[in-house]
$ cat run_22.tsv   # TSV, C-alpha atoms
chain	number	residue	atom	x	y	z
A	1	MET	CA	167.67	-65.02	293.41
A	2	ILE	CA	169.02	-65.85	289.95
A	3	GLY	CA	170.64	-62.82	288.32
A	4	ALA	CA	170.61	-60.75	291.52
A	5	HIS	CA	174.31	-60.01	291.00
A	6	LEU	CA	173.35	-57.95	287.92
A	7	GLU	CA	171.46	-55.34	289.91
A	8	GLY	CA	172.88	-51.90	289.19
A	9	LYS	CA	175.58	-53.33	286.91
A	10	ALA	CA	176.39	-51.94	283.46
A	11	VAL	CA	175.15	-54.03	280.55
A	12	ILE	CA	175.91	-52.88	277.00
A	13	VAL	CA	173.74	-54.16	274.14
A	14	THR	CA	174.84	-52.99	270.71
A	15	GLY	CA	172.04	-52.63	268.18
A	16	GLY	CA	169.73	-52.58	271.18
A	17	THR	CA	166.79	-50.44	270.13
A	18	ALA	CA	164.84	-53.08	268.19
A	19	GLY	CA	164.33	-56.81	267.74
A	20	ILE	CA	166.64	-59.20	269.54
A	21	GLY	CA	168.77	-56.43	271.02
A	22	LEU	CA	165.81	-54.67	272.61
A	23	ALA	CA	164.38	-57.93	273.98
A	24	THR	CA	167.79	-58.77	275.45
A	25	GLY	CA	168.06	-55.36	277.07
A	26	ARG	CA	164.65	-55.76	278.64
A	27	ALA	CA	165.62	-59.20	279.98
A	28	PHE	CA	168.67	-57.79	281.77
A	29	ALA	CA	166.78	-54.75	283.02
A	30	GLY	CA	164.34	-57.22	284.55
A	31	ARG	CA	167.18	-58.26	286.84
A	32	GLY	CA	167.89	-54.66	287.84
A	33	ALA	CA	170.80	-54.02	285.46
A	34	HIS	CA	171.57	-50.57	284.09
A	35	VAL	CA	171.23	-51.28	280.39
A	36	TYR	CA	172.97	-49.22	277.71
A	37	LEU	CA	171.29	-49.65	274.33
A	38	THR	CA	173.29	-48.46	271.34
A	39	HIS	CA	172.04	-47.73	267.85
A	40	ARG	CA	173.24	-46.12	264.64
A	41	TRP	CA	169.98	-45.78	262.78
A	42	GLY	CA	167.28	-45.87	265.47
A	43	SER	CA	164.22	-47.82	264.33
A	44	GLN	CA	161.81	-46.39	266.90
A	45	SER	CA	161.64	-43.39	269.19
A	46	GLU	CA	163.56	-43.32	272.43
A	47	ASP	CA	160.36	-42.35	274.27
A	48	ALA	CA	158.66	-45.51	272.98
A	49	ILE	CA	161.55	-47.64	274.20
A	50	ARG	CA	161.54	-46.03	277.64
A	51	SER	CA	157.79	-46.58	277.83
A	52	MET	CA	158.35	-50.32	277.27
A	53	PHE	CA	160.82	-50.47	280.15
A	54	ALA	CA	158.47	-48.46	282.35
A	55	ALA	CA	155.62	-50.84	281.54
A	56	ASP	CA	157.91	-53.73	282.54
A	57	GLY	CA	158.56	-52.00	285.86
A	58	VAL	CA	162.33	-52.12	285.31
A	59	PRO	CA	165.10	-49.49	285.37
A	60	ALA	CA	165.09	-47.11	282.41
A	61	PRO	CA	167.79	-47.74	279.82
A	62	THR	CA	170.42	-45.31	278.64
A	63	ILE	CA	170.09	-45.01	274.87
A	64	VAL	CA	173.22	-43.95	273.02
A	65	GLU	CA	173.79	-43.32	269.33
A	66	ALA	CA	177.05	-45.14	268.63
A	67	ASP	CA	178.30	-46.67	265.39
A	68	ALA	CA	179.59	-50.13	266.38
A	69	ALA	CA	182.28	-49.93	263.69
A	70	ALA	CA	183.59	-46.50	264.78
A	71	ASP	CA	186.22	-46.61	267.54
A	72	GLU	CA	185.59	-43.00	268.53
A	73	ASP	CA	181.91	-43.76	269.12
A	74	THR	CA	182.85	-46.78	271.21
A	75	ASP	CA	185.23	-44.74	273.34
A	76	ALA	CA	182.61	-42.02	273.86
A	77	LEU	CA	180.09	-44.68	274.93
A	78	LEU	CA	182.54	-46.20	277.41
A	79	ASP	CA	183.36	-42.78	278.85
A	80	ARG	CA	179.66	-42.31	279.46
A	81	VAL	CA	179.39	-45.72	281.13
A	82	GLY	CA	182.44	-44.85	283.23
A	83	GLN	CA	180.66	-41.86	284.73
A	84	ALA	CA	178.34	-44.19	286.61
A	85	HIS	CA	180.12	-47.56	286.76
A	86	GLU	CA	183.53	-48.95	287.64
A	87	HIS	CA	183.35	-51.62	284.96
A	88	VAL	CA	181.14	-53.28	282.36
A	89	GLU	CA	179.51	-56.45	283.65
A	90	VAL	CA	178.02	-57.71	280.37
A	91	LEU	CA	178.65	-56.97	276.70
A	92	VAL	CA	176.14	-58.23	274.14
A	93	SER	CA	177.52	-57.80	270.62
A	94	ASN	CA	174.32	-57.82	268.61
A	95	VAL	CA	174.87	-55.46	265.67
A	96	SER	CA	174.53	-57.21	262.33
A	97	PHE	CA	174.88	-55.17	259.17
A	98	ALA	CA	176.08	-56.81	255.99
A	99	GLN	CA	175.61	-56.69	252.24
A	100	VAL	CA	172.91	-59.04	250.96
A	101	SER	CA	173.80	-60.28	247.49
A	102	GLN	CA	171.43	-61.35	244.73
A	103	ARG	CA	174.11	-63.16	242.74
A	104	HIS	CA	177.83	-63.89	242.87
A	105	ALA	CA	178.68	-60.84	240.78
A	106	ASP	CA	177.29	-58.58	243.52
A	107	LEU	CA	180.04	-59.59	245.95
A	108	THR	CA	182.73	-56.95	246.41
A	109	ARG	CA	185.79	-56.56	248.59
A	110	LYS	CA	184.36	-53.34	250.03
A	111	GLY	CA	181.11	-55.06	250.91
A	112	PHE	CA	182.98	-57.94	252.53
A	113	ALA	CA	185.14	-55.61	254.64
A	114	ARG	CA	182.11	-53.58	255.69
A	115	SER	CA	180.22	-56.71	256.67
A	116	ILE	CA	183.09	-57.98	258.82
A	117	GLY	CA	183.55	-54.50	260.29
A	118	TYR	CA	179.98	-54.32	261.55
A	119	SER	CA	178.99	-57.92	262.23
A	120	ALA	CA	182.21	-59.48	263.57
A	121	TRP	CA	184.88	-56.96	264.51
A	122	PRO	CA	182.90	-55.20	267.30
A	123	PHE	CA	182.99	-58.45	269.28
A	124	VAL	CA	186.77	-57.95	269.43
A	125	SER	CA	187.10	-54.17	269.41
A	126	TYR	CA	184.60	-53.60	272.23
A	127	LEU	CA	186.42	-56.19	274.31
A	128	GLN	CA	189.76	-54.46	273.74
A	129	ARG	CA	188.48	-50.96	274.42
A	130	ILE	CA	186.53	-51.95	277.53
A	131	HIS	CA	189.74	-53.44	278.95
A	132	ARG	CA	191.68	-50.31	278.01
A	133	ARG	CA	189.09	-48.01	279.63
A	134	PHE	CA	188.33	-49.98	282.81
A	135	GLY	CA	191.42	-52.12	283.29
A	136	ARG	CA	189.41	-55.32	283.09
A	137	TYR	CA	187.24	-57.27	280.66
A	138	PRO	CA	183.47	-57.64	280.98
A	139	ARG	CA	182.57	-60.57	283.17
A	140	TYR	CA	180.33	-61.88	280.39
A	141	VAL	CA	180.39	-61.42	276.62
A	142	ILE	CA	177.64	-62.69	274.31
A	143	GLY	CA	177.81	-62.61	270.52
A	144	MET	CA	174.58	-62.93	268.54
A	145	SER	CA	175.00	-65.19	265.52
A	146	SER	CA	172.59	-66.93	263.12
A	147	ARG	CA	172.12	-70.14	261.14
A	148	GLY	CA	174.29	-68.71	258.36
A	149	PRO	CA	177.57	-70.38	259.39
A	150	ASP	CA	175.93	-73.81	259.37
A	151	CYS	CA	173.57	-73.86	256.40
A	152	PHE	CA	172.98	-72.21	253.03
A	153	LEU	CA	170.75	-69.15	252.88
A	154	PRO	CA	170.40	-67.34	249.52
A	155	GLY	CA	172.11	-63.96	249.44
A	156	TYR	CA	173.54	-64.51	252.90
A	157	ASP	CA	177.18	-64.93	251.85
A	158	PHE	CA	178.68	-61.98	253.71
A	159	VAL	CA	176.41	-62.28	256.74
A	160	ALA	CA	177.36	-65.95	257.13
A	161	ALA	CA	181.05	-65.15	256.66
A	162	ALA	CA	180.94	-62.38	259.27
A	163	LYS	CA	179.10	-64.52	261.81
A	164	THR	CA	181.59	-67.34	261.23
A	165	VAL	CA	184.46	-64.96	261.96
A	166	MET	CA	182.79	-63.85	265.20
A	167	GLU	CA	182.26	-67.45	266.31
A	168	VAL	CA	185.90	-68.32	265.61
A	169	MET	CA	187.14	-65.25	267.48
A	170	CYS	CA	185.01	-66.21	270.46
A	171	ARG	CA	186.70	-69.61	270.65
A	172	GLN	CA	190.18	-68.18	270.07
A	173	LEU	CA	189.80	-65.43	272.67
A	174	THR	CA	188.35	-67.84	275.20
A	175	VAL	CA	191.62	-69.76	275.14
A	176	GLU	CA	193.89	-66.73	274.91
A	177	LEU	CA	192.13	-64.99	277.83
A	178	GLY	CA	191.70	-68.16	279.84
A	179	ASP	CA	193.19	-66.61	283.00
A	180	ALA	CA	191.02	-63.50	282.82
A	181	ASP	CA	187.68	-63.04	284.58
A	182	VAL	CA	185.65	-63.20	281.36
A	183	ARG	CA	183.20	-65.75	279.92
A	184	MET	CA	182.48	-65.53	276.19
A	185	ASN	CA	179.82	-67.45	274.29
A	186	ILE	CA	177.76	-67.24	271.11
A	187	ILE	CA	174.01	-67.58	270.66
A	188	ARG	CA	172.99	-68.94	267.26
A	189	ALA	CA	169.22	-68.80	266.92
A	190	ASN	CA	166.78	-70.02	264.34
A	191	PRO	CA	165.17	-67.14	262.43
A	192	VAL	CA	163.44	-64.53	264.55
A	193	ASP	CA	160.50	-62.76	262.93
A	194	THR	CA	161.85	-59.21	262.91
A	195	GLU	CA	161.78	-56.29	260.50
A	196	SER	CA	165.43	-57.02	259.76
A	197	LEU	CA	164.59	-60.60	258.70
A	198	ARG	CA	161.79	-59.44	256.40
A	199	ALA	CA	164.02	-56.76	254.90
A	200	THR	CA	166.72	-59.35	254.19
A	201	PHE	CA	164.61	-62.13	252.66
A	202	GLY	CA	161.51	-60.28	251.51
A	203	PRO	CA	157.89	-60.20	252.72
A	204	ASP	CA	157.06	-63.74	251.55
A	205	PHE	CA	159.77	-65.48	253.57
A	206	VAL	CA	158.06	-65.57	256.97
A	207	PRO	CA	154.63	-66.81	255.78
A	208	PHE	CA	156.34	-69.42	253.57
A	209	CYS	CA	158.38	-70.76	256.50
A	210	ARG	CA	155.34	-70.81	258.75
A	211	ARG	CA	153.44	-72.84	256.16
A	212	TYR	CA	156.08	-75.54	255.68
A	213	HIS	CA	157.80	-75.51	259.08
A	214	GLY	CA	155.10	-74.34	261.47
A	215	ASP	CA	155.29	-71.58	264.04
A	216	ASP	CA	157.91	-73.44	266.10
A	217	PHE	CA	160.49	-72.79	263.36
A	218	PHE	CA	160.75	-69.20	264.55
A	219	ILE	CA	162.41	-68.31	267.84
A	220	ARG	CA	160.86	-65.43	269.77
A	221	GLU	CA	162.96	-62.39	270.58
A	222	GLU	CA	162.25	-62.91	274.27
A	223	GLU	CA	163.65	-66.45	274.10
A	224	VAL	CA	166.96	-65.14	272.78
A	225	GLY	CA	167.07	-62.53	275.51
A	226	SER	CA	166.36	-65.15	278.16
A	227	ALA	CA	169.14	-67.39	276.81
A	228	ALA	CA	171.60	-64.50	277.01
A	229	LEU	CA	170.50	-63.78	280.56
A	230	ALA	CA	170.93	-67.44	281.50
A	231	LEU	CA	174.51	-67.47	280.22
A	232	CYS	CA	175.22	-64.48	282.47
A	233	SER	CA	173.28	-65.74	285.49
A	234	GLY	CA	176.27	-67.22	287.29
A	235	LEU	CA	174.85	-70.73	286.95
A	236	MET	CA	176.56	-71.39	283.60
A	237	ASP	CA	180.03	-69.99	284.26
A	238	ALA	CA	181.63	-73.27	283.19
A	239	VAL	CA	180.24	-72.72	279.69
A	240	ARG	CA	182.87	-70.79	277.72
A	241	GLY	CA	183.72	-70.46	274.05
A	242	GLN	CA	180.56	-72.31	273.04
A	243	VAL	CA	177.91	-71.79	270.37
A	244	LEU	CA	174.48	-72.20	271.95
A	245	VAL	CA	171.93	-73.19	269.28
A	246	LEU	CA	168.32	-72.11	269.83
A	247	ASP	CA	166.19	-74.17	267.45
A	248	ARG	CA	163.93	-76.33	269.65
A	249	GLY	CA	165.65	-79.31	268.04
A	250	LEU	CA	164.11	-78.57	264.65
A	251	SER	CA	167.42	-78.45	262.79
A	252	PHE	CA	167.72	-82.20	263.30
A	253	ALA	CA	164.36	-82.80	261.59
A	254	ASP	CA	164.58	-80.09	258.94
A	255	ASN	CA	164.95	-82.24	255.84
A	256	VAL	CA	163.00	-83.71	252.93
A	257	VAL	CA	161.97	-86.73	255.01
A	258	ARG	CA	160.02	-84.46	257.36
A	259	LEU	CA	158.24	-82.90	254.38
A	260	PHE	CA	157.43	-86.36	253.06
A	261	GLU	CA	156.11	-87.46	256.44
A	262	HIS	CA	153.70	-84.53	256.53
A	263	ARG	CA	153.07	-84.26	252.80
A	264	GLU	CA	149.28	-84.41	253.13
A	265	HIS	CA	149.25	-81.59	255.66
A	266	TYR	CA	151.44	-79.36	253.50
A	267	GLY	CA	149.64	-80.19	250.27
A	268	LEU	CA	152.76	-81.81	248.81
A	269	ALA	CA	151.36	-85.27	248.11
A	270	LEU	CA	152.06	-86.47	244.58
A	271	PRO	CA	149.08	-86.89	242.23
A	272	PRO	CA	148.33	-90.50	241.15
A	273	GLU	CA	149.90	-90.05	237.72
A	274	ALA	CA	153.16	-88.79	239.22
A	275	ARG	CA	153.28	-91.72	241.67
A	276	ALA	CA	152.79	-94.12	238.76
A	277	GLN	CA	155.63	-92.54	236.83
A	278	GLY	CA	157.95	-92.86	239.79
A	279	ALA	CA	157.13	-96.47	240.55
A	280	PRO	CA	159.93	-99.01	239.94
A	281	LYS	CA	159.59	-101.01	236.75
A	282	GLU	CA	159.09	-104.75	236.97
A	283	THR	CA	161.94	-106.89	235.67
A	284	THR	CA	161.96	-110.46	234.48

$ encode --input "run_22.tsv" --output "structure tokens"
Amino acid sequence: MIGAHLEGKAVIVTGGTAGIGLATGRAFAGRGAHVYLTHRWGSQSEDAIRSMFAADGVPAPTIVEADAAADEDTDALLDRVGQAHEHVEVLVSNVSFAQVSQRHADLTRKGFARSIGYSAWPFVSYLQRIHRRFGRYPRYVIGMSSRGPDCFLPGYDFVAAAKTVMEVMCRQLTVELGDADVRMNIIRANPVDTESLRATFGPDFVPFCRRYHGDDFFIREEEVGSAALALCSGLMDAVRGQVLVLDRGLSFADNVVRLFEHREHYGLALPPEARAQGAPKETT
């Protein structure tokens, strides 16, 4: 059975009480893993989360308040894991907290450092501290990224920078720890319709994207969780230091030509007078 080796194993998902993190935790619990969900500012009650796992018929998670950027919180979390497990099987570095800027003047050194500290550094610090506590690295490490490193998103400067740092560290550490029993990869997904996304880009962003891109533009939380599980299934162990893009192939077609092709559907067709103005002039 795929993923049977995860049964009873410790799986840590940072930022795991909502959105992608919660969906990922539920995916691993579905394979019998003991999932540790961390949070700093819990977005829903722990009882509600446990009820979800119970409804799934999977082992209950351990929910821990732990600031991903605070080493003392990380050490306390690992001590708790160590009470029941000899090592950490899977680490999913999912926390993303960064300053969203409205204009260039909003960017500050403090905001940049804080963004890196929350959205990139835990990928490294958790790895180091897990090795220090258990004498070995997790067998699998997944970092959750976004489209930011590869395309422009307004106000996304620091988020994109932090995710880029995490992706680079994944590649670097994959080579440097090549002899260790650890497999590190990154998942970079198209936007997922979460409260975090709406808070970042505003309430009009999701309906606008659905109008001009269709529902397939958005990746479901469960799809991200399933991709993470697949990378840790044992069937993809040769995949290391890679960025796995979840976009259903839409990034290839996301351009003005696609909009032109479907201009009637999207209500973007030019009126007759505009087409006449844009027509090439005859020459003699």

$ closest_atom_pairs --input "run_22.tsv" --of "segment 39-154 of chain A" --to "segment 19-29 of chain A" --cutoff "7 Å" --atoms "all atoms listed in the file" --output "Markdown table"
| residue | atom | partner | partner_atom | distance |
| --- | --- | --- | --- | --- |
| A:Phe53 | CA | A:Arg26 | CA | 6.7 |
| A:Val58 | CA | A:Ala29 | CA | 5.7 |
| A:Pro59 | CA | A:Ala29 | CA | 6.0 |
| A:Asn94 | CA | A:Gly21 | CA | 6.2 |

$ closest_residue --input "run_22.tsv" --among "A:Arg211, A:Arg129, A:Glu221, A:Met236" --to "Glu72 of chain A" --atoms "only C-alpha atoms"
A:Arg129

$ atom_distance --input "run_22.tsv" --atom1 "atom CA of Ser115 of chain A" --atom2 "atom CA of Thr194 of chain A"
19.6 Å

$ closest_residue --input "run_22.tsv" --among "A:Ala105, A:Leu250, A:Ile142, A:Ala113" --to "Ala228 of chain A" --atoms "all atoms listed in the file"
A:Ile142

$ closest_residue --input "run_22.tsv" --among "A:Val245, A:Cys209, A:Val88, A:Ala120" --to "Val13 of chain A" --atoms "all atoms listed in the file"
A:Val88

$ closest_residue --input "run_22.tsv" --among "A:Phe134, A:Ala189, A:Ala160, A:Gln172" --to "Glu222 of chain A" --atoms "all atoms listed in the file"
A:Ala189

$ atom_distance --input "run_22.tsv" --atom1 "atom CA of Asn190 of chain A" --atom2 "atom CA of Ala162 of chain A"
16.9 Å

$ closest_residue --input "run_22.tsv" --among "A:Ile186, A:Leu229, A:Ile219, A:Ala269" --to "Leu244 of chain A" --atoms "all atoms listed in the file"
A:Ile186

$ closest_residue --input "run_22.tsv" --among "A:Gly111, A:Gly117, A:Pro138, A:Gly16" --to "Cys232 of chain A" --atoms "all atoms listed in the file"
A:Pro138

$ residues_around --input "run_22.tsv" --residues "segment 60-71 of chain A" --least-positions-apart "3" --cutoff "10 Å" --atoms "only C-alpha atoms" --output "PDB file with C-alpha atoms, in the frame of the given file"
ATOM      1  CA  VAL A  11     175.150 -54.030 280.550  1.00  0.00           C
ATOM      2  CA  ILE A  12     175.910 -52.880 277.000  1.00  0.00           C
ATOM      3  CA  VAL A  13     173.740 -54.160 274.140  1.00  0.00           C
ATOM      4  CA  THR A  14     174.840 -52.990 270.710  1.00  0.00           C
ATOM      5  CA  GLY A  15     172.040 -52.630 268.180  1.00  0.00           C
ATOM      6  CA  GLY A  16     169.730 -52.580 271.180  1.00  0.00           C
ATOM      7  CA  THR A  17     166.790 -50.440 270.130  1.00  0.00           C
ATOM      8  CA  GLY A  25     168.060 -55.360 277.070  1.00  0.00           C
ATOM      9  CA  ARG A  26     164.650 -55.760 278.640  1.00  0.00           C
ATOM     10  CA  ALA A  29     166.780 -54.750 283.020  1.00  0.00           C
ATOM     11  CA  GLY A  32     167.890 -54.660 287.840  1.00  0.00           C
ATOM     12  CA  ALA A  33     170.800 -54.020 285.460  1.00  0.00           C
ATOM     13  CA  HIS A  34     171.570 -50.570 284.090  1.00  0.00           C
ATOM     14  CA  VAL A  35     171.230 -51.280 280.390  1.00  0.00           C
ATOM     15  CA  TYR A  36     172.970 -49.220 277.710  1.00  0.00           C
ATOM     16  CA  LEU A  37     171.290 -49.650 274.330  1.00  0.00           C
ATOM     17  CA  THR A  38     173.290 -48.460 271.340  1.00  0.00           C
ATOM     18  CA  HIS A  39     172.040 -47.730 267.850  1.00  0.00           C
ATOM     19  CA  ARG A  40     173.240 -46.120 264.640  1.00  0.00           C
ATOM     20  CA  TRP A  41     169.980 -45.780 262.780  1.00  0.00           C
ATOM     21  CA  GLY A  42     167.280 -45.870 265.470  1.00  0.00           C
ATOM     22  CA  GLU A  46     163.560 -43.320 272.430  1.00  0.00           C
ATOM     23  CA  ILE A  49     161.550 -47.640 274.200  1.00  0.00           C
ATOM     24  CA  ARG A  50     161.540 -46.030 277.640  1.00  0.00           C
ATOM     25  CA  SER A  51     157.790 -46.580 277.830  1.00  0.00           C
ATOM     26  CA  MET A  52     158.350 -50.320 277.270  1.00  0.00           C
ATOM     27  CA  PHE A  53     160.820 -50.470 280.150  1.00  0.00           C
ATOM     28  CA  ALA A  54     158.470 -48.460 282.350  1.00  0.00           C
ATOM     29  CA  ASP A  56     157.910 -53.730 282.540  1.00  0.00           C
ATOM     30  CA  GLY A  57     158.560 -52.000 285.860  1.00  0.00           C
ATOM     31  CA  THR A  74     182.850 -46.780 271.210  1.00  0.00           C
ATOM     32  CA  ASP A  75     185.230 -44.740 273.340  1.00  0.00           C
ATOM     33  CA  ALA A  76     182.610 -42.020 273.860  1.00  0.00           C
ATOM     34  CA  LEU A  77     180.090 -44.680 274.930  1.00  0.00           C
ATOM     35  CA  ARG A  80     179.660 -42.310 279.460  1.00  0.00           C
ATOM     36  CA  VAL A  81     179.390 -45.720 281.130  1.00  0.00           C
ATOM     37  CA  SER A  93     177.520 -57.800 270.620  1.00  0.00           C
ATOM     38  CA  ASN A  94     174.320 -57.820 268.610  1.00  0.00           C
ATOM     39  CA  VAL A  95     174.870 -55.460 265.670  1.00  0.00           C
ATOM     40  CA  SER A  96     174.530 -57.210 262.330  1.00  0.00           C
ATOM     41  CA  PHE A  97     174.880 -55.170 259.170  1.00  0.00           C
ATOM     42  CA  ARG A 114     182.110 -53.580 255.690  1.00  0.00           C
ATOM     43  CA  SER A 115     180.220 -56.710 256.670  1.00  0.00           C
ATOM     44  CA  ILE A 116     183.090 -57.980 258.820  1.00  0.00           C
ATOM     45  CA  GLY A 117     183.550 -54.500 260.290  1.00  0.00           C
ATOM     46  CA  TYR A 118     179.980 -54.320 261.550  1.00  0.00           C
ATOM     47  CA  SER A 119     178.990 -57.920 262.230  1.00  0.00           C
ATOM     48  CA  ALA A 120     182.210 -59.480 263.570  1.00  0.00           C
ATOM     49  CA  TRP A 121     184.880 -56.960 264.510  1.00  0.00           C
ATOM     50  CA  PRO A 122     182.900 -55.200 267.300  1.00  0.00           C
ATOM     51  CA  PHE A 123     182.990 -58.450 269.280  1.00  0.00           C
ATOM     52  CA  SER A 125     187.100 -54.170 269.410  1.00  0.00           C
ATOM     53  CA  TYR A 126     184.600 -53.600 272.230  1.00  0.00           C
ATOM     54  CA  ARG A 129     188.480 -50.960 274.420  1.00  0.00           C
TER      55      ARG A 129
END

$ atom_distance --input "run_22.tsv" --atom1 "atom CA of Pro149 of chain A" --atom2 "atom CA of His213 of chain A"
20.4 Å

$ axis_aligned_box --input "run_22.tsv" --around "segment 135-153 of chain A" --padding-each-side "8 Å" --output "AutoDock Vina command-line options"
--center_x 181.1 --center_y -63.0 --center_z 268.1 --size_x 36.7 --size_y 37.7 --size_z 46.4

$ residues_around --input "run_22.tsv" --residues "Met184 of chain A" --least-positions-apart "3" --cutoff "10 Å" --atoms "only C-alpha atoms" --output "PyMOL selection string"
chain A and resi 90-92+123+138-143+169-171+173-174+177+231-232+237+239-243

$ residues_around --input "run_22.tsv" --residues "Val159 of chain A" --least-positions-apart "2" --cutoff "7 Å" --atoms "all atoms listed in the file" --output "ChimeraX atom specification"
/A:98,115,148,156-157,161-163

$ decode --input "run_22.tsv" --residues "segment 49-65 of chain A" --atoms "N, CA and C atoms" --output "CSV table (one decimal), in the first residue's frame"
chain,number,residue,atom,x,y,z
A,49,ILE,N,-10.7,21.5,14.4
A,49,ILE,CA,-9.7,20.7,13.6
A,49,ILE,C,-9.7,19.3,13.9
A,50,ARG,N,-9.8,18.9,15.2
A,50,ARG,CA,-9.9,17.5,15.6
A,50,ARG,C,-11.1,16.9,15.1
A,51,SER,N,-12.2,17.6,15.0
A,51,SER,CA,-13.4,17.1,14.4
A,51,SER,C,-13.3,16.7,13.0
A,52,MET,N,-12.5,17.5,12.2
A,52,MET,CA,-12.3,17.2,10.8
A,52,MET,C,-11.5,15.9,10.7
A,53,PHE,N,-10.5,15.7,11.5
A,53,PHE,CA,-9.7,14.5,11.4
A,53,PHE,C,-10.6,13.3,11.8
A,54,ALA,N,-11.4,13.5,12.8
A,54,ALA,CA,-12.3,12.4,13.3
A,54,ALA,C,-13.3,12.0,12.1
A,55,ALA,N,-13.8,13.1,11.5
A,55,ALA,CA,-14.7,12.8,10.3
A,55,ALA,C,-14.0,12.1,9.2
A,56,ASP,N,-12.7,12.3,9.0
A,56,ASP,CA,-11.9,11.6,8.0
A,56,ASP,C,-11.6,10.2,8.4
A,57,GLY,N,-11.8,9.9,9.7
A,57,GLY,CA,-11.5,8.5,10.2
A,57,GLY,C,-10.0,8.3,10.3
A,58,VAL,N,-9.2,9.3,10.7
A,58,VAL,CA,-7.8,9.2,10.7
A,58,VAL,C,-7.3,9.6,12.1
A,59,PRO,N,-6.0,9.3,12.4
A,59,PRO,CA,-5.5,9.6,13.8
A,59,PRO,C,-5.6,11.1,14.1
A,60,ALA,N,-5.9,11.4,15.3
A,60,ALA,CA,-6.0,12.8,15.7
A,60,ALA,C,-4.7,13.5,15.7
A,61,PRO,N,-4.6,14.8,15.3
A,61,PRO,CA,-3.3,15.5,15.3
A,61,PRO,C,-3.0,16.0,16.6
A,62,THR,N,-1.7,16.3,16.8
A,62,THR,CA,-1.2,17.1,17.9
A,62,THR,C,-1.0,18.5,17.5
A,63,ILE,N,-1.7,19.4,18.1
A,63,ILE,CA,-1.7,20.8,17.7
A,63,ILE,C,-0.9,21.6,18.7
A,64,VAL,N,0.1,22.3,18.2
A,64,VAL,CA,1.1,22.9,19.1
A,64,VAL,C,1.3,24.4,18.6
A,65,GLU,N,1.2,25.3,19.6
A,65,GLU,CA,1.5,26.7,19.3
A,65,GLU,C,3.0,26.9,19.3
